[in-house]
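Containing compact mmCIF, C-alpha atoms: entry39.txt.
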```txt
# COMPACT_ATOMS: atom_id res chain seq x y z
CA MET A 1 0.48 -28.00 2.16
CA ASN A 2 -3.10 -27.08 1.24
CA VAL A 3 -3.04 -23.31 0.55
CA LEU A 4 -6.20 -21.35 -0.21
CA VAL A 5 -5.69 -18.08 -2.10
CA VAL A 6 -8.49 -15.74 -1.02
CA HIS A 7 -8.96 -12.68 -3.20
CA ASP A 8 -11.26 -9.84 -4.23
CA LYS A 9 -14.43 -10.38 -6.19
CA LEU A 10 -14.11 -8.75 -9.61
CA PHE A 11 -17.22 -6.95 -10.81
CA ASP A 12 -18.23 -6.01 -14.35
CA HIS A 13 -15.93 -3.54 -16.13
CA PRO A 14 -12.96 -3.81 -13.74
CA THR A 15 -10.36 -1.05 -13.75
CA LYS A 16 -6.69 -1.68 -14.58
CA ASP A 17 -5.68 -1.81 -10.93
CA GLU A 18 -8.44 -4.35 -10.24
CA LEU A 19 -7.34 -6.49 -13.19
CA ASP A 20 -3.83 -6.42 -11.74
CA THR A 21 -5.19 -8.16 -8.65
CA LEU A 22 -6.41 -11.02 -10.85
CA LEU A 23 -2.93 -11.29 -12.39
CA GLU A 24 -1.43 -11.27 -8.89
CA VAL A 25 -3.72 -14.14 -7.85
CA GLU A 26 -2.64 -16.23 -10.84
CA GLN A 27 1.07 -15.52 -10.29
CA VAL A 28 0.93 -16.32 -6.58
CA SER A 29 -1.08 -19.49 -7.23
CA PHE A 30 1.38 -20.66 -9.89
CA ALA A 31 4.35 -20.00 -7.59
CA LEU A 32 2.70 -21.94 -4.76
CA SER A 33 2.08 -24.87 -7.12
CA CYS A 34 5.72 -24.79 -8.25
CA LEU A 35 6.74 -24.93 -4.60
CA GLY A 36 4.77 -28.17 -4.17
CA HIS A 37 1.72 -26.80 -2.40
CA GLN A 38 -1.83 -27.81 -3.26
CA VAL A 39 -3.59 -24.60 -4.29
CA ASP A 40 -7.21 -23.55 -4.44
CA GLN A 41 -8.79 -20.10 -4.90
CA LEU A 42 -11.80 -18.43 -3.31
CA GLU A 43 -13.46 -15.03 -3.73
CA PHE A 44 -13.90 -13.21 -0.43
CA SER A 45 -17.42 -12.22 0.54
CA LEU A 46 -18.90 -10.18 3.37
CA ASP A 47 -21.55 -12.89 3.62
CA PHE A 48 -19.72 -14.53 6.52
CA LYS A 49 -22.15 -17.45 6.78
CA VAL A 50 -21.32 -18.48 3.23
CA MET A 51 -17.62 -17.85 3.78
CA LYS A 52 -17.64 -20.03 6.89
CA GLU A 53 -19.29 -22.89 5.00
CA GLN A 54 -16.80 -22.61 2.12
CA LEU A 55 -13.76 -22.56 4.40
CA GLU A 56 -15.05 -25.51 6.40
CA ALA A 57 -15.51 -27.43 3.15
CA LYS A 58 -12.04 -26.60 1.80
CA LEU A 59 -10.13 -27.01 5.10
CA PRO A 60 -6.99 -25.08 4.10
CA ALA A 61 -3.84 -25.32 6.18
CA VAL A 62 -3.03 -21.70 5.31
CA ILE A 63 -4.89 -18.83 3.69
CA PHE A 64 -2.90 -16.62 1.33
CA ASN A 65 -4.71 -13.32 1.81
CA LEU A 66 -4.90 -11.29 -1.41
CA VAL A 67 -8.04 -9.35 -0.49
CA GLU A 68 -7.10 -5.81 -1.53
CA THR A 69 -10.42 -4.02 -1.98
CA LEU A 70 -13.43 -3.93 0.36
CA SER A 71 -15.27 -0.60 0.06
CA GLY A 72 -11.99 0.80 -1.18
CA SER A 73 -9.65 -0.03 1.68
CA SER A 74 -11.94 0.91 4.57
CA LEU A 75 -13.10 -2.66 5.35
CA LEU A 76 -9.93 -4.60 4.56
CA HIS A 77 -9.42 -5.45 8.23
CA LEU A 78 -12.54 -7.66 8.13
CA ALA A 79 -10.79 -10.34 6.06
CA PRO A 80 -7.98 -11.17 8.53
CA GLU A 81 -10.40 -10.70 11.42
CA PHE A 82 -12.67 -13.35 9.91
CA PHE A 83 -9.76 -15.71 9.26
CA GLU A 84 -8.82 -15.41 12.92
CA THR A 85 -12.33 -16.37 14.03
CA MET A 86 -11.91 -19.49 11.89
CA HIS A 87 -8.54 -20.22 13.55
CA ILE A 88 -6.79 -20.56 10.18
CA PRO A 89 -3.26 -19.17 9.70
CA TYR A 90 -3.15 -16.47 7.02
CA THR A 91 -0.49 -14.42 5.30
CA GLY A 92 0.07 -10.72 5.77
CA CYS A 93 -1.08 -8.21 8.32
CA GLY A 94 -3.62 -8.72 11.09
CA PRO A 95 -6.86 -6.79 11.58
CA LYS A 96 -5.35 -4.14 13.86
CA GLY A 97 -2.66 -3.05 11.42
CA MET A 98 -5.04 -3.19 8.47
CA PHE A 99 -7.61 -1.04 10.27
CA LEU A 100 -5.12 1.58 11.44
CA SER A 101 -3.35 1.93 8.09
CA SER A 102 -6.29 1.69 5.68
CA ASP A 103 -7.88 4.95 6.85
CA LYS A 104 -5.28 7.52 5.82
CA LEU A 105 -6.57 10.19 8.21
CA LEU A 106 -6.45 7.83 11.16
CA ALA A 107 -2.96 6.74 10.11
CA LYS A 108 -1.71 10.33 9.88
CA GLN A 109 -3.16 11.20 13.28
CA LEU A 110 -1.43 8.18 14.77
CA MET A 111 1.91 9.09 13.19
CA GLU A 112 1.67 12.72 14.31
CA ARG A 113 1.00 11.68 17.92
CA SER A 114 4.02 9.37 17.74
CA SER A 115 6.34 12.09 16.35
CA ILE A 116 6.72 10.35 12.99
CA PRO A 117 7.00 13.11 10.35
CA THR A 118 4.06 13.21 7.94
CA PRO A 119 2.90 16.09 5.73
CA LEU A 120 0.36 18.53 7.16
CA TRP A 121 -3.21 17.75 6.15
CA VAL A 122 -6.77 18.96 6.34
CA ALA A 123 -10.16 17.27 5.97
CA VAL A 124 -13.73 18.48 6.27
CA GLN A 125 -13.90 17.10 9.80
CA ASP A 126 -10.28 17.93 10.70
CA THR A 127 -9.39 21.56 9.88
CA GLY A 128 -6.72 22.29 12.48
CA ASN A 129 -3.93 22.89 9.93
CA ILE A 130 -5.98 24.74 7.33
CA SER A 131 -4.48 28.22 7.85
CA ASP A 132 -0.94 26.85 7.48
CA LEU A 133 -1.84 25.22 4.15
CA MET A 134 -3.11 28.28 2.35
CA GLY A 135 -1.02 29.39 -0.64
CA MET A 136 1.07 26.21 -0.82
CA PRO A 137 0.71 23.25 -3.21
CA LEU A 138 -1.60 20.55 -1.84
CA ILE A 139 -2.41 17.08 -3.12
CA ILE A 140 -6.05 15.96 -2.91
CA LYS A 141 -6.26 12.27 -1.95
CA PRO A 142 -9.00 9.73 -1.22
CA VAL A 143 -9.18 8.77 2.45
CA ALA A 144 -9.65 5.05 1.79
CA GLU A 145 -8.22 3.96 -1.56
CA GLU A 146 -5.04 2.15 -2.54
CA ALA A 147 -3.01 1.80 -5.75
CA SER A 148 -3.06 5.58 -6.39
CA VAL A 149 -6.75 5.41 -7.27
CA GLY A 150 -8.09 8.97 -7.57
CA ILE A 151 -4.66 10.61 -7.85
CA ASN A 152 -3.62 12.42 -11.04
CA ASP A 153 -1.98 15.68 -12.15
CA ASN A 154 -5.15 17.61 -11.29
CA SER A 155 -4.83 16.41 -7.69
CA ILE A 156 -2.16 19.08 -7.12
CA GLN A 157 -3.90 22.35 -6.29
CA THR A 158 -3.25 25.59 -4.42
CA PHE A 159 -5.92 27.45 -2.44
CA SER A 160 -6.07 31.01 -1.19
CA SER A 161 -9.08 30.58 1.08
CA PRO A 162 -10.14 27.86 3.53
CA LYS A 163 -13.69 28.05 2.21
CA ALA A 164 -12.63 27.14 -1.34
CA LEU A 165 -10.56 24.18 -0.11
CA LEU A 166 -13.31 22.80 2.10
CA GLN A 167 -15.82 23.14 -0.72
CA VAL A 168 -13.64 21.01 -3.00
CA LEU A 169 -13.20 18.36 -0.30
CA ALA A 170 -16.93 18.31 0.46
CA THR A 171 -18.18 18.13 -3.13
CA LYS A 172 -15.54 16.09 -5.01
CA GLU A 173 -17.07 12.85 -6.31
CA GLY A 174 -15.71 9.51 -5.17
CA GLY A 175 -14.83 10.70 -1.66
CA PRO A 176 -14.26 11.23 1.11
CA PHE A 177 -11.08 13.15 0.30
CA PHE A 178 -8.47 15.04 2.27
CA ALA A 179 -5.81 17.58 1.29
CA GLU A 180 -2.17 17.03 2.16
CA GLN A 181 0.83 19.34 1.92
CA PHE A 182 2.60 18.40 -1.32
CA ILE A 183 6.26 17.73 -0.58
CA GLU A 184 8.25 18.69 -3.66
CA GLY A 185 11.32 16.50 -3.88
CA ARG A 186 12.21 12.83 -4.05
CA GLU A 187 9.99 9.77 -3.52
CA PHE A 188 11.06 6.53 -1.81
CA ASN A 189 9.49 3.14 -1.04
CA ILE A 190 10.80 1.06 1.87
CA SER A 191 9.64 -2.56 1.94
CA ILE A 192 9.69 -4.62 5.14
CA TRP A 193 8.82 -8.21 5.89
CA SER A 194 8.98 -10.60 8.80
CA VAL A 195 11.81 -13.14 8.85
CA ASP A 196 11.66 -15.57 11.78
CA GLY A 197 9.42 -13.08 13.54
CA VAL A 198 11.84 -10.18 13.10
CA PRO A 199 10.90 -7.19 10.89
CA THR A 200 13.57 -6.96 8.22
CA VAL A 201 14.05 -3.97 5.90
CA LEU A 202 14.55 -4.82 2.23
CA PRO A 203 16.70 -2.69 -0.10
CA PRO A 204 15.26 0.84 -0.37
CA ALA A 205 13.90 2.05 -3.70
CA GLU A 206 13.51 5.51 -5.19
CA MET A 207 10.94 6.44 -7.82
CA VAL A 208 12.75 8.60 -10.38
CA PHE A 209 10.77 10.97 -12.59
CA LEU A 210 12.72 11.18 -15.85
CA ASP A 211 12.52 14.21 -18.16
CA TYR A 212 9.25 15.44 -16.71
CA PRO A 213 8.39 18.75 -18.41
CA GLU A 214 8.16 21.89 -16.31
CA GLY A 215 4.78 22.15 -14.64
CA LYS A 216 4.03 18.42 -14.69
CA PRO A 217 3.79 17.14 -11.08
CA GLU A 218 6.38 14.52 -10.20
CA ILE A 219 4.04 12.04 -8.52
CA ALA A 220 3.47 8.28 -8.68
CA GLY A 221 -0.20 8.73 -9.56
CA TYR A 222 -2.63 6.41 -11.31
CA GLU A 223 -1.15 7.09 -14.74
CA ALA A 224 2.38 6.30 -13.62
CA LYS A 225 1.27 2.97 -12.14
CA TRP A 226 -1.38 1.70 -14.55
CA GLU A 227 -1.63 3.62 -17.86
CA GLU A 228 1.06 1.85 -19.90
CA ASP A 229 0.86 4.23 -22.87
CA SER A 230 1.14 7.38 -20.77
CA PHE A 231 4.17 9.64 -20.42
CA ALA A 232 4.11 9.15 -16.64
CA TYR A 233 4.23 5.34 -16.93
CA THR A 234 7.15 5.31 -19.37
CA HIS A 235 9.11 8.05 -17.58
CA THR A 236 8.74 6.91 -13.97
CA LYS A 237 11.39 4.35 -13.06
CA ARG A 238 12.46 2.55 -9.91
CA THR A 239 16.09 2.46 -8.81
CA PHE A 240 17.93 0.71 -6.00
CA ASP A 241 21.26 2.39 -6.74
CA PHE A 242 22.32 5.32 -4.58
CA PRO A 243 25.44 7.44 -4.09
CA LEU A 244 27.31 7.28 -0.80
CA SER A 245 25.98 10.76 -0.02
CA ASP A 246 22.51 9.23 0.47
CA GLU A 247 23.70 6.80 3.15
CA SER A 248 22.51 8.92 6.09
CA LEU A 249 19.12 9.57 4.46
CA LEU A 250 18.56 5.90 3.66
CA SER A 251 19.43 4.96 7.24
CA ARG A 252 16.83 7.46 8.48
CA LEU A 253 14.19 6.07 6.09
CA LYS A 254 14.83 2.54 7.35
CA GLU A 255 14.60 3.72 10.97
CA LEU A 256 11.28 5.48 10.36
CA SER A 257 9.91 2.47 8.48
CA LEU A 258 10.62 0.17 11.41
CA GLN A 259 8.97 2.68 13.75
CA CYS A 260 5.89 2.57 11.52
CA TRP A 261 5.94 -1.24 11.52
CA THR A 262 5.87 -1.26 15.31
CA LEU A 263 3.39 1.61 15.66
CA PHE A 264 0.80 0.00 13.37
CA GLY A 265 1.27 -3.51 14.73
CA ALA A 266 2.36 -4.79 11.32
CA LYS A 267 2.74 -8.46 10.44
CA GLY A 268 3.81 -10.33 7.35
CA TYR A 269 4.93 -7.71 4.84
CA ALA A 270 4.46 -3.98 4.29
CA ARG A 271 5.70 -0.95 2.36
CA VAL A 272 6.23 2.58 3.67
CA ASP A 273 6.08 5.43 1.15
CA PHE A 274 8.07 8.64 1.66
CA ARG A 275 8.64 12.05 0.12
CA VAL A 276 11.89 13.84 0.94
CA ASP A 277 12.10 17.62 0.59
CA SER A 278 15.00 19.67 -0.81
CA GLN A 279 16.59 19.93 2.66
CA GLY A 280 16.64 16.14 3.03
CA ASN A 281 13.74 15.96 5.49
CA PRO A 282 11.68 12.75 5.10
CA PHE A 283 7.89 12.60 5.43
CA VAL A 284 5.85 9.40 5.62
CA LEU A 285 3.02 9.52 3.09
CA GLU A 286 1.40 6.24 4.03
CA VAL A 287 1.95 2.75 5.37
CA ASN A 288 0.76 -0.04 3.08
CA MET A 289 0.04 -3.40 4.67
CA ASN A 290 -0.03 -6.36 2.27
CA PRO A 291 1.25 -4.31 -0.70
CA CYS A 292 0.90 -5.73 -4.19
CA ILE A 293 3.16 -8.74 -4.83
CA ALA A 294 2.58 -9.18 -8.55
CA SER A 295 5.78 -9.94 -10.43
CA ASP A 296 6.26 -6.31 -11.51
CA SER A 297 5.48 -4.75 -8.11
CA GLY A 298 7.79 -2.66 -5.98
CA PHE A 299 7.80 -5.16 -3.13
CA THR A 300 8.73 -8.00 -5.48
CA ALA A 301 11.53 -5.88 -6.97
CA ALA A 302 12.91 -5.20 -3.48
CA CYS A 303 12.86 -8.93 -2.67
CA GLU A 304 14.67 -9.74 -5.92
CA ARG A 305 17.27 -7.11 -5.07
CA ALA A 306 17.74 -8.82 -1.69
CA GLY A 307 18.30 -12.21 -3.36
CA PHE A 308 14.77 -13.61 -3.19
CA PRO A 309 13.39 -14.50 -6.64
CA TYR A 310 9.61 -14.66 -6.95
CA ASN A 311 9.00 -18.23 -5.75
CA ALA A 312 11.41 -17.79 -2.83
CA MET A 313 9.55 -14.61 -1.84
CA ILE A 314 6.21 -16.43 -1.85
CA GLU A 315 7.62 -19.28 0.25
CA GLN A 316 9.09 -16.81 2.76
CA ILE A 317 5.71 -15.09 3.10
CA ILE A 318 4.09 -18.48 3.77
CA GLN A 319 6.76 -19.42 6.31
CA GLY A 320 6.42 -16.05 8.03
CA CYS A 321 2.71 -16.65 8.42
CA ILE A 322 3.23 -20.09 9.97
CA TYR A 323 5.95 -18.75 12.28
CA GLY A 324 3.68 -16.04 13.60
CA TYR A 325 0.60 -18.17 14.11
```
Translate the structure described by the file into structure tokens.
Amino acid sequence: MNVLVVHDKLFDHPTKDELDTLLEVEQVSFALSCLGHQVDQLEFSLDFKVMKEQLEAKLPAVIFNLVETLSGSSLLHLAPEFFETMHIPYTGCGPKGMFLSSDKLLAKQLMERSSIPTPLWVAVQDTGNISDLMGMPLIIKPVAEEASVGINDNSIQTFSSPKALLQVLATKEGGPFFAEQFIEGREFNISIWSVDGVPTVLPPAEMVFLDYPEGKPEIAGYEAKWEEDSFAYTHTKRTFDFPLSDESLLSRLKELSLQCWTLFGAKGYARVDFRVDSQGNPFVLEVNMNPCIASDSGFTAACERAGFPYNAMIEQIIQGCIYGY
């Protein structure tokens, strides 16, 4: 099968998370070649006239969509929307799910209205919860970024006045930002993919923060994901092993993840990130459509745990795309 891997355009001086996308492209392309597919690559562009001409020239049977950055994540829905106008099957989520999940404020509003637990939040244009958030730890997050971009230890802050909080949100560079109630406790990732058109939950994973010193926030921030020489990177580990006492919690996380899949109109593959407080109450942090599938990613690890080595995972993603087209 002729498979076209469409990916981000890398600019000068790419960051570590952007370089990881290039590695992901090479790994996916190599796996597709090993599986017997004919593989080509193409940088995605918002110049749709040029894109149309390039796709018509290449005539792929399937597009493997690895577009992960378009104005942060705010325009990611345009890639699958364009592929649909070209009537070419593509991997991963459709434009609806990408649009609803890529704007974290919109996603949180949608979850709240659907009674899916998510931490309280406040933004410059959405201050309804601000009084309830005073005096408690908050995490300052970008509205439209992925891969923990913009999140570090300094993201955890406490405010005593609404004015001070709103000033930070309004003036912080690289925005827009919002503030979210920081849930102190455990962190989980639940991966889901479509098998024969049915959303299937992969083995749940927990991010374990090992020997973190007192006062250091236990978060999977940019350091923990990308800075290989950092304490956070070397002391943040993923585990799929749980005691029997977690059985009820894991069942609840799977249930909520499937609700999110349905609510956001997900397709292909996704990952739902949770924090769980000391009383065992889960909170959805975000829903990630088309999460990273590099060989060292969380989604890939969950597939391997479920008995799908890397090439088998890539083939299943391709087959899921064809099934749903």
Give me, as a short mmCIF file (atom, residue, chain, number, x, y, z; two decimals) with C-alpha atoms, in the coordinates of the input, all polymer residues having an atom no more than 12 Å from Met51 (chain A), counting all atoms listed in the file and skipping those fewer than 4 positions away in the same chain.
```
data_model
loop_
_atom_site.label_atom_id
_atom_site.label_comp_id
_atom_site.auth_asym_id
_atom_site.auth_seq_id
_atom_site.Cartn_x
_atom_site.Cartn_y
_atom_site.Cartn_z
CA VAL A 6 -8.49 -15.74 -1.02
CA LEU A 42 -11.80 -18.43 -3.31
CA GLU A 43 -13.46 -15.03 -3.73
CA PHE A 44 -13.90 -13.21 -0.43
CA SER A 45 -17.42 -12.22 0.54
CA LEU A 46 -18.90 -10.18 3.37
CA ASP A 47 -21.55 -12.89 3.62
CA LEU A 55 -13.76 -22.56 4.40
CA GLU A 56 -15.05 -25.51 6.40
CA ALA A 57 -15.51 -27.43 3.15
CA LYS A 58 -12.04 -26.60 1.80
CA LEU A 59 -10.13 -27.01 5.10
CA ALA A 79 -10.79 -10.34 6.06
CA PHE A 82 -12.67 -13.35 9.91
CA PHE A 83 -9.76 -15.71 9.26
CA THR A 85 -12.33 -16.37 14.03
CA MET A 86 -11.91 -19.49 11.89
#
```
Residue contacts of Val195 (chain A) (10 Å, only C-alpha atoms) excluding same-chain residues fewer than 5 positions away, as a CSV table (one decimal) with C-alpha atoms, in the coordinates of the input:
```csv
chain,number,residue,atom,x,y,z
A,200,THR,CA,13.6,-7.0,8.2
A,201,VAL,CA,14.0,-4.0,5.9
A,268,GLY,CA,3.8,-10.3,7.4
A,269,TYR,CA,4.9,-7.7,4.8
A,316,GLN,CA,9.1,-16.8,2.8
A,317,ILE,CA,5.7,-15.1,3.1
A,319,GLN,CA,6.8,-19.4,6.3
A,320,GLY,CA,6.4,-16.0,8.0
A,321,CYS,CA,2.7,-16.6,8.4
A,323,TYR,CA,6.0,-18.8,12.3
A,324,GLY,CA,3.7,-16.0,13.6
```
Selected residue, from A:Asp229, A:Lys216, A:Phe283, A:Trp193, that lies nearest to Thr300 (chain A) when counting all atoms listed in the file: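 Distance minimum relative to Thr300 (chain A) lands on A:Trp193.
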Interatomic distance, CA of Ala164 (chain A) to CA of Leu138 (chain A) (Å, one decimal): 12.9 Å
From A:Asp277, A:Asp40, A:Asp132, A:Glu26, residue lying nearest Glu184 (chain A) [only C-alpha atoms]: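 When distances to Glu184 (chain A) are compared using only C-alpha atoms, the smallest one comes from A:Asp277.
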Polymer residues at most 6 Å from Leu202 (chain A), all atoms listed in the file, same-chain spacing of 2 or more positions, as a PyMOL selection string: chain A and resi 191-192+302
Distance of CA of Tyr90 (chain A) from CA of Leu258 (chain A), expressed in Å to one decimal place: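 CA of Tyr90 (chain A) lies 22.0 Å from CA of Leu258 (chain A).
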Point-to-point distance in Å for CA of Asn2 (chain A) and CA of Val50 (chain A): 20.2 Å
